[in-house]
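J.: Data file final-v2.csv (CSV, C-alpha atoms) is appended below.
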```csv
chain,number,residue,atom,x,y,z
A,1,MET,CA,112.7,103.2,73.4
A,2,GLY,CA,114.0,101.5,76.4
A,3,THR,CA,112.3,100.1,79.5
A,4,VAL,CA,111.7,101.7,82.9
A,5,THR,CA,110.6,100.0,86.1
A,6,VAL,CA,107.8,101.7,88.0
A,7,LEU,CA,107.7,100.5,91.7
A,8,THR,CA,104.3,101.0,93.3
A,9,GLU,CA,102.3,98.4,95.3
A,10,SER,CA,103.7,96.1,92.7
A,11,SER,CA,106.4,96.4,90.0
A,12,ALA,CA,105.7,97.2,86.4
A,13,GLU,CA,108.2,97.3,83.5
A,14,VAL,CA,106.9,99.7,80.9
A,15,ALA,CA,108.3,101.2,77.7
A,16,GLY,CA,110.0,104.5,78.6
A,17,ASP,CA,113.2,106.3,79.1
A,18,VAL,CA,114.9,108.6,81.6
A,19,VAL,CA,115.2,112.1,80.2
A,20,ASP,CA,117.1,114.7,82.2
A,21,GLY,CA,116.6,112.7,85.3
A,22,ARG,CA,112.8,112.3,84.8
A,23,VAL,CA,111.0,109.1,83.8
A,24,ALA,CA,109.0,109.6,80.5
A,25,ILE,CA,106.6,107.0,79.3
A,26,ASP,CA,104.0,106.7,76.6
A,27,ALA,CA,100.6,108.0,77.7
A,28,SER,CA,99.0,104.6,76.9
A,29,ALA,CA,101.4,103.0,79.5
A,30,LEU,CA,100.3,105.2,82.4
A,31,THR,CA,97.6,102.7,83.6
A,32,ASP,CA,100.2,99.9,83.8
A,33,ALA,CA,102.6,102.3,85.5
A,34,ILE,CA,100.4,103.9,88.2
A,35,GLY,CA,96.8,102.7,87.6
A,36,TRP,CA,95.5,106.0,86.3
A,37,GLN,CA,94.8,107.1,82.7
A,38,LEU,CA,95.1,110.6,81.3
A,39,LYS,CA,91.9,111.7,79.6
A,40,PRO,CA,90.5,115.1,78.7
A,41,GLU,CA,88.6,115.0,82.0
A,42,GLY,CA,91.9,114.6,83.9
A,43,LEU,CA,93.5,111.6,85.5
A,44,CYS,CA,91.0,108.8,85.8
A,45,GLN,CA,90.8,105.5,87.7
A,46,ALA,CA,87.7,103.5,87.1
A,47,ASP,CA,84.9,106.1,87.2
A,48,VAL,CA,86.8,108.6,89.4
A,49,CYS,CA,88.6,111.5,87.7
A,50,VAL,CA,91.0,114.1,89.2
A,51,PRO,CA,90.8,117.3,87.1
A,52,VAL,CA,94.2,118.3,85.6
A,53,PRO,CA,93.8,122.0,84.5
A,54,ASP,CA,97.3,122.1,83.0
A,55,GLN,CA,97.8,118.8,81.2
A,56,ALA,CA,100.9,120.2,79.4
A,57,ALA,CA,102.7,120.3,82.8
A,58,LEU,CA,102.5,116.5,83.0
A,59,MET,CA,104.2,116.1,79.6
A,60,LEU,CA,107.8,115.6,78.5
A,61,GLY,CA,107.5,116.2,74.8
A,62,ASP,CA,104.8,113.8,73.7
A,63,ARG,CA,105.3,111.5,76.6
A,64,ILE,CA,104.1,111.6,80.2
A,65,ASP,CA,106.4,112.5,83.2
A,66,VAL,CA,105.5,109.7,85.6
A,67,ALA,CA,106.5,111.8,88.7
A,68,ALA,CA,104.2,114.7,87.6
A,69,ALA,CA,101.3,112.4,86.9
A,70,ALA,CA,101.8,110.7,90.3
A,71,ALA,CA,102.0,114.0,92.1
A,72,ALA,CA,98.7,115.1,90.5
A,73,VAL,CA,97.0,112.2,92.3
A,74,GLY,CA,98.8,112.8,95.6
A,75,ARG,CA,101.6,110.3,95.3
A,76,SER,CA,105.3,111.2,96.0
A,77,SER,CA,108.0,109.6,93.9
A,78,LEU,CA,111.8,109.2,93.5
A,79,VAL,CA,113.8,108.4,90.4
A,80,ASP,CA,116.9,106.3,90.2
A,81,ALA,CA,118.2,107.3,86.8
A,82,GLU,CA,121.1,104.8,86.9
A,83,HIS,CA,118.7,101.8,87.2
A,84,ALA,CA,115.9,103.4,85.1
A,85,ALA,CA,113.5,103.1,88.0
A,86,ILE,CA,111.0,105.3,89.8
A,87,ALA,CA,109.5,104.4,93.2
A,88,VAL,CA,106.0,105.8,93.8
A,89,SER,CA,104.3,106.1,97.1
A,90,GLN,CA,100.7,105.4,97.9
A,91,PRO,CA,98.3,108.4,97.7
A,92,ALA,CA,98.3,110.6,100.8
A,93,THR,CA,94.6,110.0,101.1
A,94,ALA,CA,95.1,106.3,101.4
A,95,ARG,CA,97.5,106.8,104.3
A,96,ASP,CA,95.1,109.2,105.9
A,97,THR,CA,92.1,106.8,105.6
A,98,VAL,CA,94.1,104.3,107.7
A,99,VAL,CA,96.0,106.4,110.2
A,100,ASN,CA,93.3,109.0,110.9
A,101,GLY,CA,90.2,107.5,109.4
A,102,MET,CA,90.8,104.2,111.2
A,103,GLN,CA,89.7,102.2,108.2
A,104,ALA,CA,91.7,99.1,107.2
A,105,PRO,CA,92.4,99.1,103.4
A,106,ASN,CA,92.0,96.0,101.3
A,107,LEU,CA,95.6,94.8,101.4
A,108,VAL,CA,96.3,92.2,98.7
A,109,LEU,CA,99.5,90.3,99.4
A,110,PRO,CA,100.9,86.9,98.4
A,111,ASP,CA,101.0,84.0,100.9
A,112,LEU,CA,104.1,81.9,101.3
A,113,ASP,CA,103.1,79.7,98.3
A,114,GLY,CA,102.6,82.8,96.1
A,115,ASN,CA,98.8,82.8,96.2
A,116,GLU,CA,97.3,86.3,96.5
A,117,VAL,CA,95.2,86.8,99.6
A,118,ALA,CA,93.0,89.9,100.0
A,119,MET,CA,92.1,91.3,103.4
A,120,ALA,CA,88.5,91.7,102.0
A,121,GLU,CA,88.1,87.9,102.2
A,122,PHE,CA,87.9,88.3,106.0
A,123,ARG,CA,85.3,91.0,106.2
A,124,GLY,CA,82.7,90.0,108.8
A,125,ARG,CA,85.3,88.6,111.1
A,126,LYS,CA,87.6,90.2,113.7
A,127,LYS,CA,91.2,90.3,112.4
A,128,LEU,CA,94.5,90.6,114.2
A,129,LEU,CA,97.1,91.9,111.8
A,130,VAL,CA,100.5,91.0,113.2
A,131,VAL,CA,103.4,92.6,111.4
A,132,PHE,CA,106.6,90.7,112.0
A,133,ALA,CA,109.9,89.6,110.4
A,134,SER,CA,112.9,87.3,110.8
A,135,TRP,CA,115.0,90.3,112.0
B,136,MET,CA,97.0,87.2,109.9
B,137,ALA,CA,100.7,87.6,109.9
B,138,VAL,CA,102.4,90.0,107.5
B,139,ALA,CA,106.1,89.5,107.1
B,140,LEU,CA,108.4,92.4,106.1
B,141,GLU,CA,110.7,90.0,104.1
B,142,GLN,CA,111.9,89.7,100.6
B,143,GLU,CA,111.4,85.9,100.5
B,144,ARG,CA,110.1,83.0,102.4
B,145,GLU,CA,113.4,81.4,103.4
B,146,PRO,CA,114.4,83.5,106.4
B,147,LEU,CA,110.9,82.9,108.0
B,148,GLU,CA,111.2,79.1,107.9
B,149,PRO,CA,112.5,78.7,111.5
B,150,PHE,CA,109.6,80.7,112.8
B,151,ILE,CA,106.6,79.4,110.9
B,152,GLU,CA,106.4,75.7,111.7
B,153,GLY,CA,103.0,74.7,112.8
B,154,ILE,CA,101.4,78.1,112.1
B,155,THR,CA,98.0,77.8,110.5
B,156,ILE,CA,97.0,81.4,110.1
B,157,PRO,CA,97.6,83.1,106.8
B,158,ILE,CA,101.2,84.3,106.5
B,159,LEU,CA,101.6,87.1,103.9
B,160,LEU,CA,104.8,88.3,102.3
B,161,ASP,CA,105.1,92.1,102.1
B,162,ALA,CA,108.4,92.5,100.3
B,163,ASN,CA,107.6,96.1,99.3
B,164,HIS,CA,106.8,97.1,102.9
B,165,LEU,CA,103.4,98.3,101.8
B,166,VAL,CA,102.0,97.9,105.3
B,167,THR,CA,104.7,100.2,106.8
B,168,GLU,CA,103.5,103.0,104.5
B,169,LEU,CA,99.7,102.6,104.8
B,170,TYR,CA,99.7,101.8,108.6
B,171,ALA,CA,102.7,103.9,109.5
B,172,VAL,CA,104.6,100.9,111.0
B,173,SER,CA,108.1,101.7,112.3
B,174,ASN,CA,109.0,98.5,114.1
B,175,ILE,CA,108.0,95.0,114.6
B,176,PRO,CA,106.2,93.3,116.2
B,177,THR,CA,103.3,95.6,115.6
B,178,VAL,CA,99.8,94.3,116.2
B,179,ILE,CA,96.6,95.9,114.9
B,180,TRP,CA,93.1,95.0,115.8
B,181,ILE,CA,90.5,95.2,113.0
B,182,ASP,CA,86.9,94.6,113.5
B,183,GLU,CA,84.2,92.9,111.4
B,184,ASP,CA,83.5,96.1,109.4
B,185,ASP,CA,87.2,96.6,108.8
B,186,ARG,CA,87.4,99.4,111.4
B,187,ILE,CA,90.8,99.7,113.1
B,188,VAL,CA,89.7,99.5,116.7
B,189,ARG,CA,93.2,99.3,118.2
B,190,PRO,CA,96.1,100.6,116.1
B,191,ASN,CA,99.8,99.9,116.1
B,192,THR,CA,100.9,98.3,119.3
B,193,ALA,CA,104.4,96.9,120.0
B,194,ALA,CA,103.1,93.9,121.8
B,195,PRO,CA,105.0,90.6,121.8
B,196,GLY,CA,103.2,87.3,121.2
B,197,THR,CA,105.4,85.3,123.6
B,198,ASP,CA,107.8,85.9,126.4
B,199,THR,CA,110.9,85.0,124.4
B,200,PHE,CA,112.5,88.4,125.0
B,201,ILE,CA,111.0,89.2,128.4
B,202,ASP,CA,114.4,89.3,130.1
B,203,PHE,CA,115.4,92.2,127.8
B,204,THR,CA,112.2,94.1,127.3
B,205,GLY,CA,110.5,93.4,130.7
B,206,VAL,CA,107.3,93.2,128.7
B,207,SER,CA,105.1,90.1,129.3
B,208,CYS,CA,102.8,89.0,126.5
B,209,GLU,CA,99.9,88.2,128.8
B,210,PRO,CA,98.2,91.5,129.3
B,211,HIS,CA,97.8,92.1,125.6
B,212,MET,CA,96.9,88.5,124.9
B,213,ASP,CA,94.2,88.7,127.7
B,214,ALA,CA,92.9,91.9,126.1
B,215,ILE,CA,92.7,90.2,122.7
B,216,ARG,CA,90.7,87.3,124.2
B,217,ARG,CA,88.3,89.7,125.9
B,218,TRP,CA,87.8,91.5,122.6
B,219,VAL,CA,87.2,88.3,120.7
B,220,ARG,CA,84.8,86.9,123.3
B,221,ASP,CA,82.9,90.1,124.4
B,222,GLY,CA,83.8,92.7,121.7
B,223,GLU,CA,85.4,94.9,124.4
B,224,VAL,CA,88.2,97.2,123.3
B,225,GLU,CA,88.9,99.0,126.6
B,226,LEU,CA,90.4,102.0,124.9
B,227,ALA,CA,88.6,105.4,124.5
B,228,ALA,CA,87.9,106.5,120.9
B,229,ASP,CA,90.2,109.6,121.4
B,230,GLU,CA,93.1,107.4,122.6
B,231,VAL,CA,92.8,105.4,119.5
B,232,GLN,CA,92.0,107.8,116.7
B,233,GLY,CA,95.2,108.8,114.9
B,234,ALA,CA,97.3,107.1,117.5
B,235,ALA,CA,99.7,105.6,115.0
B,236,GLY,CA,100.8,109.1,113.9
B,237,GLU,CA,101.2,110.1,110.3
B,238,LEU,CA,104.5,109.5,108.5
B,239,ASP,CA,106.3,112.8,107.8
B,240,ASN,CA,107.9,113.6,104.5
B,241,ASP,CA,111.3,112.2,105.5
B,242,GLU,CA,109.7,108.9,106.5
B,243,ILE,CA,107.8,108.7,103.2
B,244,ASN,CA,111.0,109.5,101.2
B,245,ALA,CA,112.9,107.0,103.3
B,246,ARG,CA,110.4,104.3,102.0
B,247,LEU,CA,111.0,105.5,98.4
B,248,TYR,CA,114.8,105.2,98.8
B,249,TYR,CA,114.2,101.8,100.4
B,250,ARG,CA,112.2,100.6,97.4
B,251,LEU,CA,114.9,101.8,95.0
B,252,ALA,CA,117.5,100.0,97.1
B,253,LEU,CA,115.5,96.7,96.8
B,254,HIS,CA,115.4,97.3,93.1
B,255,ALA,CA,119.1,97.9,92.7
B,256,ARG,CA,119.8,94.9,94.8
B,257,ARG,CA,117.6,92.7,92.6
B,258,GLN,CA,119.5,94.1,89.6
B,259,GLY,CA,122.7,92.8,91.2
B,260,ASP,CA,124.1,96.3,92.1
B,261,GLN,CA,124.9,95.7,95.7
B,262,ALA,CA,127.0,98.9,96.1
B,263,ALA,CA,124.2,101.1,94.8
B,264,ALA,CA,121.7,99.2,97.0
B,265,GLU,CA,123.8,99.9,100.1
B,266,ALA,CA,124.1,103.6,99.3
B,267,LEU,CA,120.3,103.8,98.9
B,268,PHE,CA,119.6,101.8,102.1
B,269,LYS,CA,122.0,104.2,103.9
B,270,THR,CA,120.1,107.3,102.7
B,271,ALA,CA,116.8,105.7,103.7
B,272,GLY,CA,118.2,105.1,107.1
B,273,GLU,CA,119.4,108.7,107.4
B,274,LEU,CA,115.9,110.0,106.6
B,275,ALA,CA,114.2,107.7,109.1
B,276,PRO,CA,116.8,107.0,111.8
B,277,HIS,CA,114.2,105.7,114.4
B,278,ASP,CA,112.6,103.3,111.9
B,279,PHE,CA,113.5,99.7,112.5
B,280,THR,CA,111.6,98.6,109.4
B,281,ILE,CA,114.1,100.6,107.4
B,282,ARG,CA,117.3,100.3,109.4
B,283,ARG,CA,117.1,96.9,110.9
B,284,SER,CA,115.4,95.2,108.0
B,285,ALA,CA,118.2,96.4,105.7
B,286,MET,CA,120.9,94.6,107.8
B,287,PRO,CA,120.4,91.1,106.4
B,288,LEU,CA,120.0,92.5,102.9
B,289,THR,CA,123.5,94.1,103.2
B,290,GLY,CA,125.3,91.1,104.8
B,291,ARG,CA,125.0,92.3,108.4
B,292,ASP,CA,123.6,90.4,111.3
B,293,PRO,CA,120.4,92.1,112.6
B,294,PHE,CA,121.0,90.7,116.1
B,295,GLY,CA,123.9,91.1,118.5
B,296,GLU,CA,126.0,94.3,118.3
B,297,ASN,CA,124.2,95.7,115.3
B,298,PHE,CA,120.9,95.5,117.1
B,299,PHE,CA,122.1,96.8,120.5
B,300,GLY,CA,123.8,99.8,118.7
B,301,LEU,CA,120.5,100.6,117.0
B,302,TRP,CA,118.6,100.2,120.2
B,303,GLU,CA,120.9,102.6,122.1
B,304,GLU,CA,120.5,105.2,119.3
B,305,TRP,CA,116.7,104.7,119.4
B,306,LYS,CA,116.6,105.3,123.1
B,307,ALA,CA,118.9,108.4,122.8
B,308,GLY,CA,116.5,109.7,120.1
B,309,GLY,CA,113.5,109.6,122.4
B,310,ARG,CA,112.2,106.0,121.9
B,311,LYS,CA,110.0,107.0,118.9
B,312,TYR,CA,107.4,104.5,117.8
B,313,HIS,CA,104.5,105.0,115.5
B,314,GLY,CA,101.7,103.7,117.7
B,315,LEU,CA,100.5,103.0,121.2
B,316,ASN,CA,103.4,103.0,123.7
B,317,ILE,CA,104.7,100.1,125.6
B,318,ASP,CA,107.0,100.6,128.6
B,319,PHE,CA,110.2,98.6,128.1
B,320,LYS,CA,112.6,97.9,130.9
B,321,ASN,CA,115.7,98.4,128.8
```
Give the structure from this file in structure tokens form.

T.:
Amino acid sequence: MGTVTVLTESSAEVAGDVVDGRVAIDASALTDAIGWQLKPEGLCQADVCVPVPDQAALMLGDRIDVAAAAAAVGRSSLVDAEHAAIAVSQPATARDTVVNGMQAPNLVLPDLDGNEVAMAEFRGRKKLLVVFASW
Amino acid sequence: MAVALEQEREPLEPFIEGITIPILLDANHLVTELYAVSNIPTVIWIDEDDRIVRPNTAAPGTDTFIDFTGVSCEPHMDAIRRWVRDGEVELAADEVQGAAGELDNDEINARLYYRLALHARRQGDQAAAEALFKTAGELAPHDFTIRRSAMPLTGRDPFGENFFGLWEEWKAGGRKYHGLNIDFKN
């Protein structure tokens, strides 16, 4: 088996292949790929499970179709077969919580020295989030 | 805190000297998806309970570009000071709720193409990266975080003619911005 790159809020290299333009990975690799695990109850993350009535629809043979699994938890995706990569969006609910729910998510990003900083570190203080760039 | 839509630290060096607030690198443009950010600078006010009390605002922090934009930094800076000092937001709840505007499917797909472009570029396939950046830009033509940010990643200057051309297109397209509007002079 080869390696595929799953691009989410981070980037994960997992064992898998592109089959007919779809990214297929071992079920055990799904957590590394998109942070959810396929169980009999459905797709689960920590103690939250999303029921998946037709689990067969997520499968490519005995492997999981990453795009199908992502869609089942509200995440869009796009495959680049040539570079064995799939880009996966955030869940639609996460965007809605910010834009409509007016709730800031716990963004975790590296500072310029590579140290991870979590927005949650600043709870209890007012915050000004300034999005900028060199361009 | 400052969140930079950059692939690496180096292009920021001229701008960050003496800055003491946290500067975070958002190479994957996560904030543009979660907060529906379509241009920079975008400033967001978040309170002690992590509530967004003032969403996406295209407010400058200095008067560097006042000759072009006609926008002074002072009104927004004064409003920030009043908020910090007195907790006053001076915007009604219904002006604020949902004001950033949801990304539509094309804008979400544009971000997916953009991520794949960054990946192809990291793999050394510049031709594929350019094609993917181009598709991203076609899906989100008013989005500077897609179109302008890709310029230095494809060997083009994001200032000068390339910027003015994009600005004219943006004006002709109705000056779309995901957030609270600012009146620009140009």

J.: Please identify every residue of chain A that has at least one atom no more than 6 Å from any atom of chain B, counting all atoms listed in the file, and report them as a PDB file with C-alpha atoms, in the coordinates of the input.

T.:
```pdb
ATOM      1  CA  ALA A  87     109.500 104.400  93.200  1.00  0.00           C
ATOM      2  CA  ARG A  95      97.500 106.800 104.300  1.00  0.00           C
ATOM      3  CA  VAL A  99      96.000 106.400 110.200  1.00  0.00           C
ATOM      4  CA  ASN A 100      93.300 109.000 110.900  1.00  0.00           C
ATOM      5  CA  MET A 102      90.800 104.200 111.200  1.00  0.00           C
ATOM      6  CA  GLN A 103      89.700 102.200 108.200  1.00  0.00           C
ATOM      7  CA  ALA A 104      91.700  99.100 107.200  1.00  0.00           C
ATOM      8  CA  LEU A 109      99.500  90.300  99.400  1.00  0.00           C
ATOM      9  CA  PRO A 110     100.900  86.900  98.400  1.00  0.00           C
ATOM     10  CA  ASP A 111     101.000  84.000 100.900  1.00  0.00           C
ATOM     11  CA  ARG A 123      85.300  91.000 106.200  1.00  0.00           C
ATOM     12  CA  GLY A 124      82.700  90.000 108.800  1.00  0.00           C
ATOM     13  CA  ARG A 125      85.300  88.600 111.100  1.00  0.00           C
ATOM     14  CA  LYS A 126      87.600  90.200 113.700  1.00  0.00           C
ATOM     15  CA  LYS A 127      91.200  90.300 112.400  1.00  0.00           C
ATOM     16  CA  LEU A 128      94.500  90.600 114.200  1.00  0.00           C
ATOM     17  CA  LEU A 129      97.100  91.900 111.800  1.00  0.00           C
ATOM     18  CA  VAL A 130     100.500  91.000 113.200  1.00  0.00           C
ATOM     19  CA  VAL A 131     103.400  92.600 111.400  1.00  0.00           C
ATOM     20  CA  PHE A 132     106.600  90.700 112.000  1.00  0.00           C
ATOM     21  CA  ALA A 133     109.900  89.600 110.400  1.00  0.00           C
ATOM     22  CA  SER A 134     112.900  87.300 110.800  1.00  0.00           C
ATOM     23  CA  TRP A 135     115.000  90.300 112.000  1.00  0.00           C
TER      24      TRP A 135
END
```

J.: Using Å and a single decimal, report how far atom CA of Ala120 of chain A sits from atom CA of Leu107 of chain A.

T.: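 The value is 7.8 Å.
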
J.: I'd like to know which of A:Val88, A:Met59, A:Ala81, A:Val19 is closest to Ile34 of chain A, using all atoms listed in the file.

T.: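 Distance minimum relative to Ile34 of chain A lands on A:Val88.
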
J.: Between atom CA of Gln55 of chain A and atom CA of Leu43 of chain A, measure the distance and give it in Å to one decimal.

T.: 9.4 Å

J.: Report as a count of residues only all protein, DNA and RNA residues lying within 12 Å of Ala33 of chain A, evaluated on only C-alpha atoms, omitting residues in the same chain fewer than 3 positions from it.

T.: 35

J.: Just give me the gap between atom CA of Asp32 of chain A and atom CA of Val79 of chain A in Å, one decimal is fine.

T.: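 Distance reported for this atom pair: 17.3 Å.
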
J.: Tell me which protein, DNA and RNA residues are within 9 Å of Gly74 of chain A, counting all atoms listed in the file, leaving out same-chain ones fewer than 5 positions away, and put them as a list in words.

T.: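 Neighbouring residues, sequence-local ones excluded: Ser89, Gln90, Pro91, Ala92 and Thr93 of chain A.
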
J.: Residues of the last selection are to be written out with C-alpha atoms, as a PDB file, in the coordinates of the input.

T.:
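Okay, this is what ended up in again_31.pdb:
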```pdb
ATOM      1  CA  SER A  89     104.300 106.100  97.100  1.00  0.00           C
ATOM      2  CA  GLN A  90     100.700 105.400  97.900  1.00  0.00           C
ATOM      3  CA  PRO A  91      98.300 108.400  97.700  1.00  0.00           C
ATOM      4  CA  ALA A  92      98.300 110.600 100.800  1.00  0.00           C
ATOM      5  CA  THR A  93      94.600 110.000 101.100  1.00  0.00           C
TER       6      THR A  93
END
```

J.: Using all atoms listed in the file, pick whichever of B:Asn297, B:Leu315, B:His277, B:Thr289 has the shortest atom-to-atom distance to Ser173 of chain B.

T.: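 Of B:Asn297, B:Leu315, B:His277, B:Thr289, the one nearest Ser173 of chain B, counting all atoms listed in the file, is B:His277.
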
J.: Please provide as a VMD selection string all residues within 7 Å of Ala275 of chain B, with the sequence filter that same-chain residues fewer than 4 positions apart are discarded (counting only C-alpha atoms).

T.: chain B and resid 241 to 242 245 271
